[in-house]
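Engineer: To be precise about what I am sending: the file is called target.tsv and holds TSV, C-alpha atoms and all ligand atoms.
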chain	number	residue	atom	x	y	z
X	1	MET	CA	-12.66	-16.66	-52.31
X	2	ASN	CA	-9.54	-17.60	-50.34
X	3	ILE	CA	-8.96	-15.12	-47.53
X	4	LEU	CA	-5.71	-15.05	-45.56
X	5	GLY	CA	-6.22	-14.02	-41.92
X	6	ILE	CA	-3.45	-12.55	-39.76
X	7	GLU	CA	-3.65	-12.05	-35.98
X	8	THR	CA	-0.88	-10.20	-34.13
X	9	SER	CA	-2.70	-8.05	-31.57
X	10	CYS	CA	-1.02	-9.40	-28.44
X	11	ASP	CA	1.11	-12.46	-27.69
X	12	GLU	CA	0.00	-15.01	-30.28
X	13	THR	CA	0.91	-14.97	-33.95
X	14	GLY	CA	-2.06	-16.55	-35.74
X	15	VAL	CA	-2.49	-17.21	-39.46
X	16	ALA	CA	-5.29	-18.96	-41.36
X	17	VAL	CA	-6.91	-19.30	-44.76
X	18	TYR	CA	-10.70	-19.29	-44.92
X	19	ASN	CA	-12.47	-20.26	-48.14
X	20	THR	CA	-15.91	-18.68	-48.51
X	21	GLU	CA	-17.37	-21.85	-50.07
X	22	THR	CA	-15.63	-24.65	-48.19
X	23	GLY	CA	-14.64	-23.08	-44.83
X	24	LEU	CA	-11.33	-23.17	-42.99
X	25	LEU	CA	-8.52	-24.57	-45.17
X	26	GLY	CA	-5.67	-24.35	-42.68
X	27	HIS	CA	-4.51	-22.48	-39.62
X	28	SER	CA	-1.42	-22.21	-37.43
X	29	LEU	CA	-0.64	-20.49	-34.20
X	30	TYR	CA	2.60	-19.53	-32.55
X	31	SER	CA	2.25	-18.64	-28.88
X	32	GLN	CA	4.77	-16.33	-27.19
X	33	VAL	CA	3.78	-17.50	-23.70
X	34	ILE	CA	7.26	-18.85	-22.85
X	35	LEU	CA	8.89	-15.61	-24.00
X	36	HIS	CA	6.82	-13.48	-21.58
X	37	ALA	CA	6.45	-15.97	-18.71
X	38	GLU	CA	9.58	-14.88	-16.85
X	39	TYR	CA	8.28	-11.28	-16.75
X	40	GLY	CA	4.84	-12.29	-15.43
X	41	GLY	CA	3.05	-10.52	-18.28
X	42	VAL	CA	3.33	-9.49	-21.92
X	43	VAL	CA	6.34	-7.26	-22.71
X	44	PRO	CA	5.13	-5.21	-25.71
X	45	GLU	CA	8.51	-4.71	-27.39
X	46	LEU	CA	9.39	-8.41	-27.17
X	47	ALA	CA	5.94	-9.24	-28.56
X	48	SER	CA	6.40	-7.02	-31.63
X	49	ARG	CA	9.87	-8.38	-32.37
X	50	ASP	CA	8.67	-11.94	-32.11
X	51	HIS	CA	5.70	-11.32	-34.43
X	52	ILE	CA	8.21	-10.00	-37.00
X	53	ARG	CA	10.24	-13.22	-36.69
X	54	LYS	CA	7.29	-15.61	-36.82
X	55	LEU	CA	4.68	-14.09	-39.12
X	56	SER	CA	6.25	-14.65	-42.51
X	57	PRO	CA	7.25	-18.32	-41.90
X	58	LEU	CA	3.77	-18.96	-40.46
X	59	ILE	CA	2.11	-17.58	-43.62
X	60	HIS	CA	4.22	-19.97	-45.73
X	61	GLU	CA	3.31	-22.85	-43.41
X	62	VAL	CA	-0.43	-22.14	-43.64
X	63	LEU	CA	-0.35	-21.75	-47.43
X	64	GLU	CA	1.36	-25.12	-47.65
X	65	LYS	CA	-1.21	-26.72	-45.31
X	66	SER	CA	-3.98	-25.20	-47.43
X	67	SER	CA	-2.29	-26.36	-50.70
X	68	LEU	CA	-2.37	-22.79	-52.00
X	69	ARG	CA	0.10	-20.44	-53.64
X	70	LEU	CA	0.19	-16.73	-52.74
X	71	SER	CA	-1.27	-15.98	-56.18
X	72	GLU	CA	-4.38	-18.01	-55.29
X	73	LEU	CA	-5.33	-15.67	-52.43
X	74	ASP	CA	-8.27	-13.31	-53.09
X	75	GLY	CA	-8.00	-11.05	-50.05
X	76	ILE	CA	-6.02	-10.37	-46.87
X	77	ALA	CA	-7.61	-9.77	-43.46
X	78	PHE	CA	-5.56	-8.69	-40.48
X	79	THR	CA	-6.28	-7.56	-36.94
X	80	ARG	CA	-6.28	-3.77	-37.00
X	81	GLY	CA	-7.07	-3.37	-33.28
X	82	PRO	CA	-7.59	-3.20	-30.39
X	83	GLY	CA	-4.29	-4.41	-28.98
X	84	LEU	CA	-0.64	-3.47	-28.53
X	85	MET	CA	0.40	-0.83	-31.06
X	86	GLY	CA	3.75	-2.40	-31.98
X	87	ALA	CA	2.21	-5.86	-32.30
X	88	LEU	CA	-0.67	-4.56	-34.44
X	89	LEU	CA	1.81	-2.71	-36.63
X	90	VAL	CA	3.43	-6.01	-37.67
X	91	GLY	CA	0.22	-7.69	-38.91
X	92	THR	CA	-1.17	-4.47	-40.36
X	93	SER	CA	2.01	-3.63	-42.32
X	94	LEU	CA	2.53	-7.13	-43.63
X	95	GLY	CA	-1.17	-7.57	-44.46
X	96	CYS	CA	-1.34	-4.26	-46.32
X	97	SER	CA	1.93	-4.75	-48.24
X	98	LEU	CA	1.01	-8.30	-49.23
X	99	ALA	CA	-2.41	-7.18	-50.48
X	100	PHE	CA	-0.83	-4.24	-52.35
X	101	SER	CA	1.84	-6.40	-54.00
X	102	LEU	CA	-0.67	-9.11	-55.00
X	103	GLY	CA	-3.20	-6.54	-56.19
X	104	ILE	CA	-5.97	-7.95	-53.95
X	105	PRO	CA	-8.17	-6.22	-51.35
X	106	ALA	CA	-7.13	-5.77	-47.72
X	107	ILE	CA	-9.44	-5.49	-44.72
X	108	GLY	CA	-8.62	-4.47	-41.14
X	109	VAL	CA	-10.60	-6.55	-38.65
X	110	HIS	CA	-11.66	-5.66	-35.10
X	111	HIS	CA	-10.13	-8.35	-32.87
X	112	MET	CA	-13.24	-8.65	-30.66
X	113	GLU	CA	-15.51	-8.91	-33.69
X	114	GLY	CA	-13.30	-11.82	-34.73
X	115	HIS	CA	-13.96	-13.46	-31.36
X	116	LEU	CA	-17.68	-12.67	-31.55
X	117	LEU	CA	-18.11	-14.19	-35.01
X	118	ALA	CA	-15.94	-17.27	-34.32
X	119	PRO	CA	-18.92	-19.45	-33.20
X	120	MET	CA	-20.45	-18.87	-36.64
X	121	MET	CA	-17.73	-21.03	-38.19
X	122	GLU	CA	-19.21	-24.05	-36.38
X	123	LYS	CA	-21.82	-26.34	-37.99
X	124	ASN	CA	-24.48	-25.34	-35.48
X	125	SER	CA	-24.14	-21.58	-35.78
X	126	PRO	CA	-26.30	-18.96	-34.06
X	127	PRO	CA	-28.78	-16.85	-36.03
X	128	PHE	CA	-28.81	-13.05	-35.60
X	129	PRO	CA	-29.86	-11.33	-33.43
X	130	PHE	CA	-28.13	-12.66	-30.33
X	131	VAL	CA	-26.47	-11.63	-27.08
X	132	ALA	CA	-22.70	-12.08	-27.00
X	133	LEU	CA	-20.58	-12.52	-23.90
X	134	LEU	CA	-17.02	-11.54	-24.80
X	135	VAL	CA	-14.56	-12.67	-22.18
X	136	SER	CA	-10.85	-12.33	-22.88
X	137	GLY	CA	-7.67	-11.11	-21.23
X	138	GLY	CA	-8.49	-7.49	-22.06
X	139	HIS	CA	-12.28	-7.39	-22.44
X	140	THR	CA	-15.42	-8.36	-20.56
X	141	GLN	CA	-18.45	-7.22	-22.48
X	142	LEU	CA	-22.06	-8.15	-22.99
X	143	MET	CA	-23.02	-7.19	-26.51
X	144	LEU	CA	-26.23	-7.03	-28.40
X	145	ALA	CA	-25.45	-8.26	-31.93
X	146	ARG	CA	-28.13	-7.42	-34.51
X	147	ALA	CA	-26.07	-8.28	-37.60
X	148	VAL	CA	-22.43	-8.35	-38.67
X	149	GLY	CA	-21.07	-4.94	-37.66
X	150	GLN	CA	-24.18	-3.87	-35.73
X	151	TYR	CA	-23.26	-4.11	-32.10
X	152	GLU	CA	-24.39	-2.34	-28.95
X	153	ILE	CA	-22.58	-2.65	-25.64
X	154	LEU	CA	-25.08	-3.71	-22.96
X	155	GLY	CA	-22.56	-3.91	-20.16
X	156	GLN	CA	-18.83	-4.19	-19.49
X	157	SER	CA	-16.27	-4.42	-16.74
X	158	VAL	CA	-15.64	-1.20	-14.90
X	159	ASP	CA	-12.17	-2.44	-13.88
X	160	ASP	CA	-10.31	-5.74	-14.52
X	161	ALA	CA	-11.33	-7.92	-17.45
X	162	VAL	CA	-12.37	-11.40	-16.39
X	163	GLY	CA	-9.31	-13.06	-18.01
X	164	GLU	CA	-7.10	-10.51	-16.26
X	165	SER	CA	-8.76	-11.40	-12.96
X	166	PHE	CA	-8.11	-15.12	-13.62
X	167	ASP	CA	-4.48	-14.31	-14.48
X	168	LYS	CA	-3.88	-12.10	-11.44
X	169	THR	CA	-5.43	-14.63	-9.06
X	170	ALA	CA	-3.47	-17.45	-10.72
X	171	SER	CA	-0.29	-15.45	-10.27
X	172	LEU	CA	-0.86	-14.99	-6.53
X	173	LEU	CA	-1.50	-18.73	-6.25
X	174	GLY	CA	1.90	-19.26	-7.90
X	175	LEU	CA	0.52	-20.68	-11.15
X	176	GLY	CA	2.59	-18.54	-13.56
X	177	TYR	CA	1.40	-16.38	-16.45
X	178	PRO	CA	-1.09	-16.46	-18.09
X	179	GLY	CA	-2.61	-18.70	-15.47
X	180	GLY	CA	-6.34	-18.77	-16.36
X	181	ALA	CA	-6.30	-22.33	-17.71
X	182	ALA	CA	-3.99	-23.54	-14.90
X	183	LEU	CA	-6.29	-22.01	-12.27
X	184	ALA	CA	-9.26	-23.76	-13.89
X	185	ARG	CA	-7.40	-27.10	-13.71
X	186	LEU	CA	-6.51	-26.57	-10.04
X	187	ALA	CA	-10.12	-25.56	-9.28
X	188	GLU	CA	-11.31	-29.01	-10.39
X	189	GLN	CA	-9.60	-30.55	-7.33
X	190	GLY	CA	-10.83	-27.95	-4.82
X	191	ASP	CA	-13.95	-27.42	-2.72
X	192	PRO	CA	-15.85	-24.48	-4.28
X	193	ASP	CA	-17.85	-24.00	-1.07
X	194	ARG	CA	-14.97	-23.83	1.42
X	195	PHE	CA	-14.91	-20.04	0.94
X	196	THR	CA	-17.62	-17.72	-0.31
X	197	PHE	CA	-16.29	-15.09	-2.69
X	198	PRO	CA	-18.47	-12.07	-3.54
X	199	ARG	CA	-20.57	-12.05	-6.75
X	200	PRO	CA	-19.69	-8.45	-7.68
X	201	MET	CA	-22.50	-6.14	-8.84
X	202	THR	CA	-25.15	-8.88	-8.89
X	203	ASN	CA	-27.16	-7.27	-6.08
X	204	ARG	CA	-28.04	-4.22	-8.17
X	205	PRO	CA	-29.63	-3.75	-11.57
X	206	GLY	CA	-27.53	-3.39	-14.72
X	207	LEU	CA	-25.18	-5.41	-16.85
X	208	ASP	CA	-21.78	-4.04	-15.85
X	209	PHE	CA	-19.13	-6.14	-14.14
X	210	SER	CA	-16.38	-5.52	-11.62
X	211	PHE	CA	-13.72	-8.17	-11.10
X	212	SER	CA	-10.84	-6.33	-9.43
X	213	GLY	CA	-12.16	-7.05	-5.90
X	214	LEU	CA	-11.98	-10.83	-6.42
X	215	LYS	CA	-8.18	-10.97	-6.61
X	216	THR	CA	-7.97	-8.90	-3.42
X	217	PHE	CA	-10.45	-11.27	-1.78
X	218	ALA	CA	-8.30	-14.20	-2.95
X	219	MET	CA	-5.16	-12.54	-1.58
X	220	ASN	CA	-6.72	-11.90	1.85
X	221	THR	CA	-8.17	-15.42	1.99
X	222	LEU	CA	-4.74	-16.88	1.23
X	223	ARG	CA	-3.03	-14.64	3.79
X	224	ASN	CA	-5.53	-15.52	6.54
X	225	ASN	CA	-5.44	-19.27	5.93
X	226	THR	CA	-1.85	-19.95	4.79
X	227	ASP	CA	-1.45	-23.10	6.87
X	228	GLU	CA	-4.69	-24.77	5.83
X	229	PRO	CA	-4.11	-27.93	3.74
X	230	GLY	CA	-5.41	-27.59	0.17
X	231	ILE	CA	-5.86	-23.82	0.57
X	232	LYS	CA	-4.80	-22.97	-2.99
X	233	LYS	CA	-7.12	-25.42	-4.74
X	234	ASN	CA	-10.02	-24.34	-2.52
X	235	ILE	CA	-9.38	-20.67	-3.33
X	236	ALA	CA	-9.15	-21.52	-7.04
X	237	ALA	CA	-12.47	-23.41	-6.90
X	238	ALA	CA	-14.30	-20.72	-4.90
X	239	PHE	CA	-12.91	-17.95	-7.13
X	240	GLN	CA	-13.95	-19.76	-10.30
X	241	LYS	CA	-17.42	-20.47	-8.91
X	242	ALA	CA	-17.93	-16.78	-8.06
X	243	VAL	CA	-16.78	-15.62	-11.51
X	244	VAL	CA	-18.90	-18.19	-13.32
X	245	GLU	CA	-22.03	-17.45	-11.29
X	246	THR	CA	-21.58	-13.71	-11.82
X	247	LEU	CA	-21.17	-14.15	-15.59
X	248	VAL	CA	-24.12	-16.55	-15.82
X	249	ASP	CA	-26.35	-14.19	-13.81
X	250	LYS	CA	-25.57	-11.25	-16.12
X	251	CYS	CA	-26.03	-13.34	-19.28
X	252	GLN	CA	-29.48	-14.40	-18.11
X	253	ARG	CA	-30.35	-10.78	-17.34
X	254	ALA	CA	-29.19	-9.70	-20.80
X	255	LEU	CA	-31.32	-12.39	-22.47
X	256	ARG	CA	-34.37	-11.36	-20.43
X	257	GLN	CA	-33.76	-7.66	-21.12
X	258	THR	CA	-33.39	-8.08	-24.89
X	259	GLY	CA	-35.91	-10.89	-25.29
X	260	TYR	CA	-33.31	-12.66	-27.50
X	261	GLN	CA	-33.18	-16.44	-27.55
X	262	ALA	CA	-29.50	-17.02	-28.29
X	263	LEU	CA	-26.31	-16.34	-26.38
X	264	ILE	CA	-22.85	-16.74	-27.85
X	265	VAL	CA	-19.75	-16.88	-25.69
X	266	ALA	CA	-16.34	-16.05	-27.11
X	267	GLY	CA	-12.81	-15.08	-26.06
X	268	GLY	CA	-10.18	-16.95	-24.08
X	269	VAL	CA	-12.26	-17.40	-20.91
X	270	GLY	CA	-14.93	-19.03	-23.10
X	271	ALA	CA	-12.63	-22.08	-22.98
X	272	ASN	CA	-13.46	-22.45	-19.26
X	273	LYS	CA	-15.22	-25.79	-18.79
X	274	CYS	CA	-17.12	-24.77	-15.67
X	275	LEU	CA	-18.49	-21.65	-17.41
X	276	ARG	CA	-19.55	-23.68	-20.44
X	277	GLU	CA	-21.30	-26.31	-18.31
X	278	ARG	CA	-23.18	-23.75	-16.23
X	279	LEU	CA	-24.30	-21.78	-19.27
X	280	VAL	CA	-25.62	-24.94	-20.95
X	281	ILE	CA	-27.60	-25.84	-17.80
X	282	GLU	CA	-29.06	-22.31	-17.56
X	283	ALA	CA	-29.96	-22.29	-21.28
X	284	GLU	CA	-31.86	-25.56	-20.85
X	285	LYS	CA	-33.70	-24.17	-17.83
X	286	SER	CA	-34.69	-20.93	-19.56
X	287	GLY	CA	-35.46	-22.41	-22.98
X	288	THR	CA	-32.73	-20.38	-24.68
X	289	GLN	CA	-29.70	-21.52	-26.69
X	290	VAL	CA	-26.00	-21.06	-26.04
X	291	PHE	CA	-23.22	-21.29	-28.67
X	292	PHE	CA	-19.44	-21.52	-28.30
X	293	PRO	CA	-16.54	-21.65	-30.73
X	294	SER	CA	-14.55	-24.90	-30.72
X	295	MET	CA	-12.00	-24.92	-27.88
X	296	ALA	CA	-9.10	-24.20	-30.28
X	297	LEU	CA	-10.85	-21.08	-31.59
X	298	CYS	CA	-11.75	-19.58	-28.17
X	299	THR	CA	-8.33	-18.09	-27.54
X	300	ASP	CA	-6.60	-15.84	-30.07
X	301	ASN	CA	-6.21	-17.30	-33.55
X	302	GLY	CA	-5.95	-16.33	-37.21
X	303	ALA	CA	-9.06	-18.27	-38.27
X	304	MET	CA	-11.51	-15.86	-36.63
X	305	ILE	CA	-9.78	-12.94	-38.37
X	306	ALA	CA	-9.85	-14.70	-41.75
X	307	TYR	CA	-13.56	-15.47	-41.24
X	308	ALA	CA	-14.59	-11.95	-40.12
X	309	GLY	CA	-12.55	-10.49	-42.99
X	310	ALA	CA	-14.13	-12.92	-45.47
X	311	LEU	CA	-17.63	-11.77	-44.47
X	312	ARG	CA	-16.70	-8.13	-44.98
X	313	LEU	CA	-14.73	-8.65	-48.22
X	314	SER	CA	-17.57	-10.78	-49.69
X	315	ALA	CA	-19.93	-7.87	-48.99
X	316	GLY	CA	-17.64	-5.60	-51.02
X	317	GLN	CA	-15.91	-3.80	-48.17
X	318	GLN	CA	-12.19	-3.12	-48.27
X	319	ASP	CA	-9.64	-0.81	-46.65
X	320	ASP	CA	-6.79	1.28	-48.01
X	321	THR	CA	-3.44	-0.46	-48.03
X	322	ASN	CA	-1.88	2.34	-45.97
X	323	LEU	CA	-4.02	1.54	-42.94
X	324	ALA	CA	-2.70	2.27	-39.42
X	325	GLY	CA	-3.35	0.04	-36.40
X	326	ARG	CA	-5.97	1.14	-33.84
X	327	PRO	CA	-4.88	0.14	-30.31
X	328	ARG	CA	-8.17	1.48	-28.91
X	329	TRP	CA	-11.26	0.85	-30.98
X	330	SER	CA	-14.89	0.46	-29.94
X	331	MET	CA	-16.99	-2.23	-31.60
X	332	GLU	CA	-19.91	0.17	-31.64
X	333	GLY	CA	-18.23	2.25	-34.36
X	334	LEU	CA	-17.90	-0.59	-36.87
X	335	THR	CA	-19.51	-0.51	-40.31
X	336	ALA	CA	-22.63	-2.64	-40.49
X	337	LEU	CA	-23.06	-5.20	-43.23
X	338	PRO	CA	-26.43	-5.63	-44.89
X	339	GLN	CA	-28.37	-8.38	-43.03
X	340	ASN	CA	-28.49	-10.70	-46.05
X	341	SER	CA	-24.76	-10.61	-46.86
X	342	GLY	CA	-22.27	-13.19	-45.57
B	401	LIG	O1	-8.95	-14.15	-26.07
B	401	LIG	P1	-7.61	-14.41	-25.48
B	401	LIG	O2	-6.80	-15.55	-26.02
B	401	LIG	O3	-6.70	-13.16	-25.60
B	401	LIG	C1	-7.16	-11.86	-25.48
B	401	LIG	O4	-7.72	-11.34	-26.48
B	401	LIG	O5	-7.01	-11.34	-24.36
B	401	LIG	O6	-7.87	-14.59	-23.90
B	401	LIG	C2	-6.80	-14.88	-23.03
B	401	LIG	C3	-7.36	-14.97	-21.62
B	401	LIG	C4	-6.25	-15.06	-20.57
B	401	LIG	O7	-6.56	-14.15	-19.53
B	401	LIG	C5	-6.32	-16.50	-20.11
B	401	LIG	O8	-5.89	-16.70	-18.80
B	401	LIG	C6	-7.80	-16.79	-20.24
B	401	LIG	O9	-8.17	-16.16	-21.46
B	401	LIG	N1	-8.12	-18.22	-20.30
B	401	LIG	C7	-8.88	-18.86	-19.39
B	401	LIG	C8	-8.93	-20.24	-19.78
B	401	LIG	N2	-8.19	-20.36	-20.93
B	401	LIG	C9	-7.71	-19.13	-21.23
B	401	LIG	N3	-9.51	-18.42	-18.28
B	401	LIG	C10	-10.22	-19.32	-17.56
B	401	LIG	N4	-10.32	-20.63	-17.87
B	401	LIG	C11	-9.70	-21.14	-18.96
B	401	LIG	N5	-9.81	-22.45	-19.26
B	402	ZN	ZN	-8.48	-12.19	-28.00
Take the structure from the file and write it as structure tokens.
Ligand code: KG4
Ligand code: ZN

Structural biologist:
Amino acid sequence: MNILGIETSCDETGVAVYNTETGLLGHSLYSQVILHAEYGGVVPELASRDHIRKLSPLIHEVLEKSSLRLSELDGIAFTRGPGLMGALLVGTSLGCSLAFSLGIPAIGVHHMEGHLLAPMMEKNSPPFPFVALLVSGGHTQLMLARAVGQYEILGQSVDDAVGESFDKTASLLGLGYPGGAALARLAEQGDPDRFTFPRPMTNRPGLDFSFSGLKTFAMNTLRNNTDEPGIKKNIAAAFQKAVVETLVDKCQRALRQTGYQALIVAGGVGANKCLRERLVIEAEKSGTQVFFPSMALCTDNGAMIAYAGALRLSAGQQDDTNLAGRPRWSMEGLTALPQNSG
């Protein structure tokens, strides 16, 4: 089956075709970063309008890359939520109308399930059950994943998401928006031990996170040491070290608590090199395994939506073609797939 995947939940228009026998046939991404940069964050109305402009040409581009005609598609998957309502509306409407006009099934995919399943597209893919660390611009969650669609939230951020915390700290260091990757690059040149940032909520039991205090700590550190040479790179390095150690600590706790052997890490912050390196070291120490999507599939993309949709469509699931977007949507309410499907 050839499944077209459409991602328009935030500020990237992503399209891909996933073939259930041969894997990913083609994918393309159009990022709106430049459009929103001057506002220091995503402007929802501009995002929706840009998705409208880019989505249709991107679908044609991906079909051409995949050497497919529209009539050779067997199903359409699109991000139904969570995300910005107007942005979701674009992918949902186009996905549903395309499926309706071609007479093929449509499926609305949960964006974070797309992220969570992305590592399963790799050659060395994790077996269920596993613990998933989902770290994006809007989410920080530790999940227990028993099977496709069977998820339980073990812990989550009580305030800022980890990507949001990277972006806010990057912004106060003058690195623009979204600055997570830029902050990580600057951190490589800094001394991570020049300042000691807190490791929030690691001194008490539980798997929840709190990241909003770190940006305030960064702001005060910058204010109190403005004249120090190399202050920004040292703050970036110390901030990143604190975030990474906090995430690693909670992942290890989650593995111990569940007794599971595998951890998967997904979402934009999963592209962070320091986080990846530390998690690999910890996995080796504890005799567990850690899995990541390829770097290109960590941040938002259409491939993860095509893949998640392909698993559900192959198992016989489909949605009505008059589906509405769901800006807020918990992964715990998803329909489970039988363990042996997909
Ligand atoms: O998953 P994603 O592309 O979009 C959402 O679903 O939110 O994640 C975007 C987030 C942004 O906050 C961005 O700054 C962060 O991921 N990010 C990074 C890195 N690359 C992207 N954060 C830290 N280090 C990176 N290398
Ligand atoms: Zn995402």

Engineer: Given the choices X:Pro127, X:Gly302, X:Pro192, X:Gly91, which gets closest to ligand ZN 402 (chain B) if the distance is worked out from all atoms listed in the file?

Structural biologist: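 Once distances to ligand ZN 402 (chain B) are computed over all atoms listed in the file, the minimum belongs to X:Gly302.
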
Engineer: Would you kindly identify which residues have an atom no farther than 9 Å from (-1.9, -9.2, -33.1), using all atoms listed in the file and the file's own coordinates, and write them out as an MDAnalysis selection string?

Structural biologist: chainID X and resid 6:14 48 51 78:92 111 300

Engineer: Please save C-alpha atoms of the selected residues as a compact mmCIF listing (two decimals), keeping the file's coordinate frame.

Structural biologist:
# COMPACT_ATOMS: atom_id res chain seq x y z
CA ILE X 6 -3.45 -12.55 -39.76
CA GLU X 7 -3.65 -12.05 -35.98
CA THR X 8 -0.88 -10.20 -34.13
CA SER X 9 -2.70 -8.05 -31.57
CA CYS X 10 -1.02 -9.40 -28.44
CA ASP X 11 1.11 -12.46 -27.69
CA GLU X 12 0.00 -15.01 -30.28
CA THR X 13 0.91 -14.97 -33.95
CA GLY X 14 -2.06 -16.55 -35.74
CA SER X 48 6.40 -7.02 -31.63
CA HIS X 51 5.70 -11.32 -34.43
CA PHE X 78 -5.56 -8.69 -40.48
CA THR X 79 -6.28 -7.56 -36.94
CA ARG X 80 -6.28 -3.77 -37.00
CA GLY X 81 -7.07 -3.37 -33.28
CA PRO X 82 -7.59 -3.20 -30.39
CA GLY X 83 -4.29 -4.41 -28.98
CA LEU X 84 -0.64 -3.47 -28.53
CA MET X 85 0.40 -0.83 -31.06
CA GLY X 86 3.75 -2.40 -31.98
CA ALA X 87 2.21 -5.86 -32.30
CA LEU X 88 -0.67 -4.56 -34.44
CA LEU X 89 1.81 -2.71 -36.63
CA VAL X 90 3.43 -6.01 -37.67
CA GLY X 91 0.22 -7.69 -38.91
CA THR X 92 -1.17 -4.47 -40.36
CA HIS X 111 -10.13 -8.35 -32.87
CA ASP X 300 -6.60 -15.84 -30.07

Engineer: Residues within 10 Å of Phe100 in chain X, please, as a compact mmCIF listing (two decimals) with C-alpha atoms, in the frame of the given file. Count all atoms listed in the file; anything in the same chain fewer than 5 positions from it doesn't count.

Structural biologist:
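The resulting around-v7.txt:
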# COMPACT_ATOMS: atom_id res chain seq x y z
CA ILE X 76 -6.02 -10.37 -46.87
CA LEU X 94 2.53 -7.13 -43.63
CA GLY X 95 -1.17 -7.57 -44.46
CA PRO X 105 -8.17 -6.22 -51.35
CA ALA X 106 -7.13 -5.77 -47.72
CA ASP X 320 -6.79 1.28 -48.01
CA THR X 321 -3.44 -0.46 -48.03
CA ASN X 322 -1.88 2.34 -45.97

Engineer: Looking at all atoms listed in the file, which of X:Asp74, X:Glu245, X:Asp193, X:Glu188 is the one that sits closest to Lys233 in chain X?

Structural biologist: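 Distance minimum relative to Lys233 in chain X lands on X:Glu188.
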
Engineer: For ligand ZN 402 (chain B), which residue out of X:Gln150, X:Ser171, X:Ser330, X:Asn301 is the nearest one, using all atoms listed in the file?

Structural biologist: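 Going through X:Gln150, X:Ser171, X:Ser330, X:Asn301 one by one, the smallest distance to ligand ZN 402 (chain B) is for X:Asn301.
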
Engineer: Between X:Gly155, X:Gly174, X:Gly309, X:Pro229, which residue has the minimum interatomic distance to Pro205 in chain X, considering only C-alpha atoms?

Structural biologist: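 Of all the options, X:Gly155 lies closest to Pro205 in chain X.
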
Engineer: Just checking: using only C-alpha atoms, which residue out of X:Arg312, X:Lys123, X:Lys241, X:Arg185 ends up closest to Ala271 in chain X?

Structural biologist: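 Closest residue, counting only C-alpha atoms: X:Arg185.
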
Engineer: Could you pull the residues within 8 Å of Thr221 in chain X, counting all atoms listed in the file, minus those fewer than 4 positions along the same chain, as a PyMOL selection string?

Structural biologist: chain X and resi 217+225+235

Engineer: Would you compute the distance between CA of Ile52 in chain X and CA of Ala77 in chain X? Give it in Å to one decimal.

Structural biologist: 17.1 Å

Engineer: Give the residue list for ligand ZN 402 (chain B) at 7 Å, counting all atoms listed in the file, as an MDAnalysis selection string, sorted by chain and then by residue number.

Structural biologist: chainID X and resid 111:112 115 136:137 267:268 299:300

Engineer: To test the calculation: enclose all listed atoms of ligand LIG 401 (chain B) in a box whose edges run along x, y and z, add 8 Å on each side, then state centre and edge lengths in Å to one decimal, as lines of an AutoDock Vina configuration file.

Structural biologist:
center_x = -8.1
center_y = -16.9
center_z = -22.0
size_x = 20.4
size_y = 27.1
size_z = 24.9

Engineer: List the neighbours of Gly114 in chain X out to 8 Å using all atoms listed in the file; skip same-chain residues closer than 6 positions along the sequence, and give me the result as a PDB file with C-alpha atoms, keeping the file's coordinate frame.

Structural biologist:
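File written: around21.pdb
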ATOM      1  CA  MET X 304     -11.510 -15.860 -36.630  1.00  0.00           C
ATOM      2  CA  ILE X 305      -9.780 -12.940 -38.370  1.00  0.00           C
ATOM      3  CA  TYR X 307     -13.560 -15.470 -41.240  1.00  0.00           C
ATOM      4  CA  ALA X 308     -14.590 -11.950 -40.120  1.00  0.00           C
TER       5      ALA X 308
END

Engineer: How many Å separate CA of Thr22 in chain X from CA of Ala310 in chain X?

Structural biologist: 12.1 Å

Engineer: Report the distance between CA of Thr169 in chain X and CA of Glu277 in chain X in Å, rounded to one decimal place.

Structural biologist: 21.8 Å

Engineer: Place a sphere of radius 12 Å on (-9.0, -10.5, -5.7) in the file coordinates and name every protein, DNA or RNA residue with an atom inside or on its surface, counting all atoms listed in the file; give the answer as a PyMOL selection string.

Structural biologist: chain X and resi 159-160+162+164-173+197-200+210-223+235-236+238-240+242-243

Engineer: Would you mind listing what lies within 12 Å of Arg276 in chain X as a list in words, with all atoms listed in the file counted and same-chain residues fewer than 5 positions away left out?

Structural biologist: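 Selected residues are Leu133, Val244, Glu245, Leu247, Val248, Leu263, Ile264, Val265, Ala266, Val269, Gly270, Ala271, Ile281, Glu282, Ala283, Val290, Phe291, Phe292, Pro293, Ser294, Met295 and Cys298 of chain X.
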
Engineer: Hey, which of X:Thr288, X:Thr202, X:Ser125, X:Asn2 ends up closest to Thr246 in chain X? Count all atoms listed in the file.

Structural biologist: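 The answer is X:Thr202, which sits nearest to Thr246 in chain X.
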
Engineer: Contacts of Leu25 in chain X at 9 Å or less, counting all atoms listed in the file, minus same-chain residues fewer than 6 places along, as a ChimeraX atom specification?

Structural biologist: /X:2,16-19,62-63,65-67

Engineer: Once you have the residues from the selection above, write them out as a JSON list (two decimals), in the coordinates of the input, restricted to C-alpha atoms.

Structural biologist:
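See again_19.json below for the written result:
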[["chain", "number", "residue", "atom", "x", "y", "z"],
["X", 2, "ASN", "CA", -9.54, -17.60, -50.34],
["X", 16, "ALA", "CA", -5.29, -18.96, -41.36],
["X", 17, "VAL", "CA", -6.91, -19.30, -44.76],
["X", 18, "TYR", "CA", -10.70, -19.29, -44.92],
["X", 19, "ASN", "CA", -12.47, -20.26, -48.14],
["X", 62, "VAL", "CA", -0.43, -22.14, -43.64],
["X", 63, "LEU", "CA", -0.35, -21.75, -47.43],
["X", 65, "LYS", "CA", -1.21, -26.72, -45.31],
["X", 66, "SER", "CA", -3.98, -25.20, -47.43],
["X", 67, "SER", "CA", -2.29, -26.36, -50.70]]
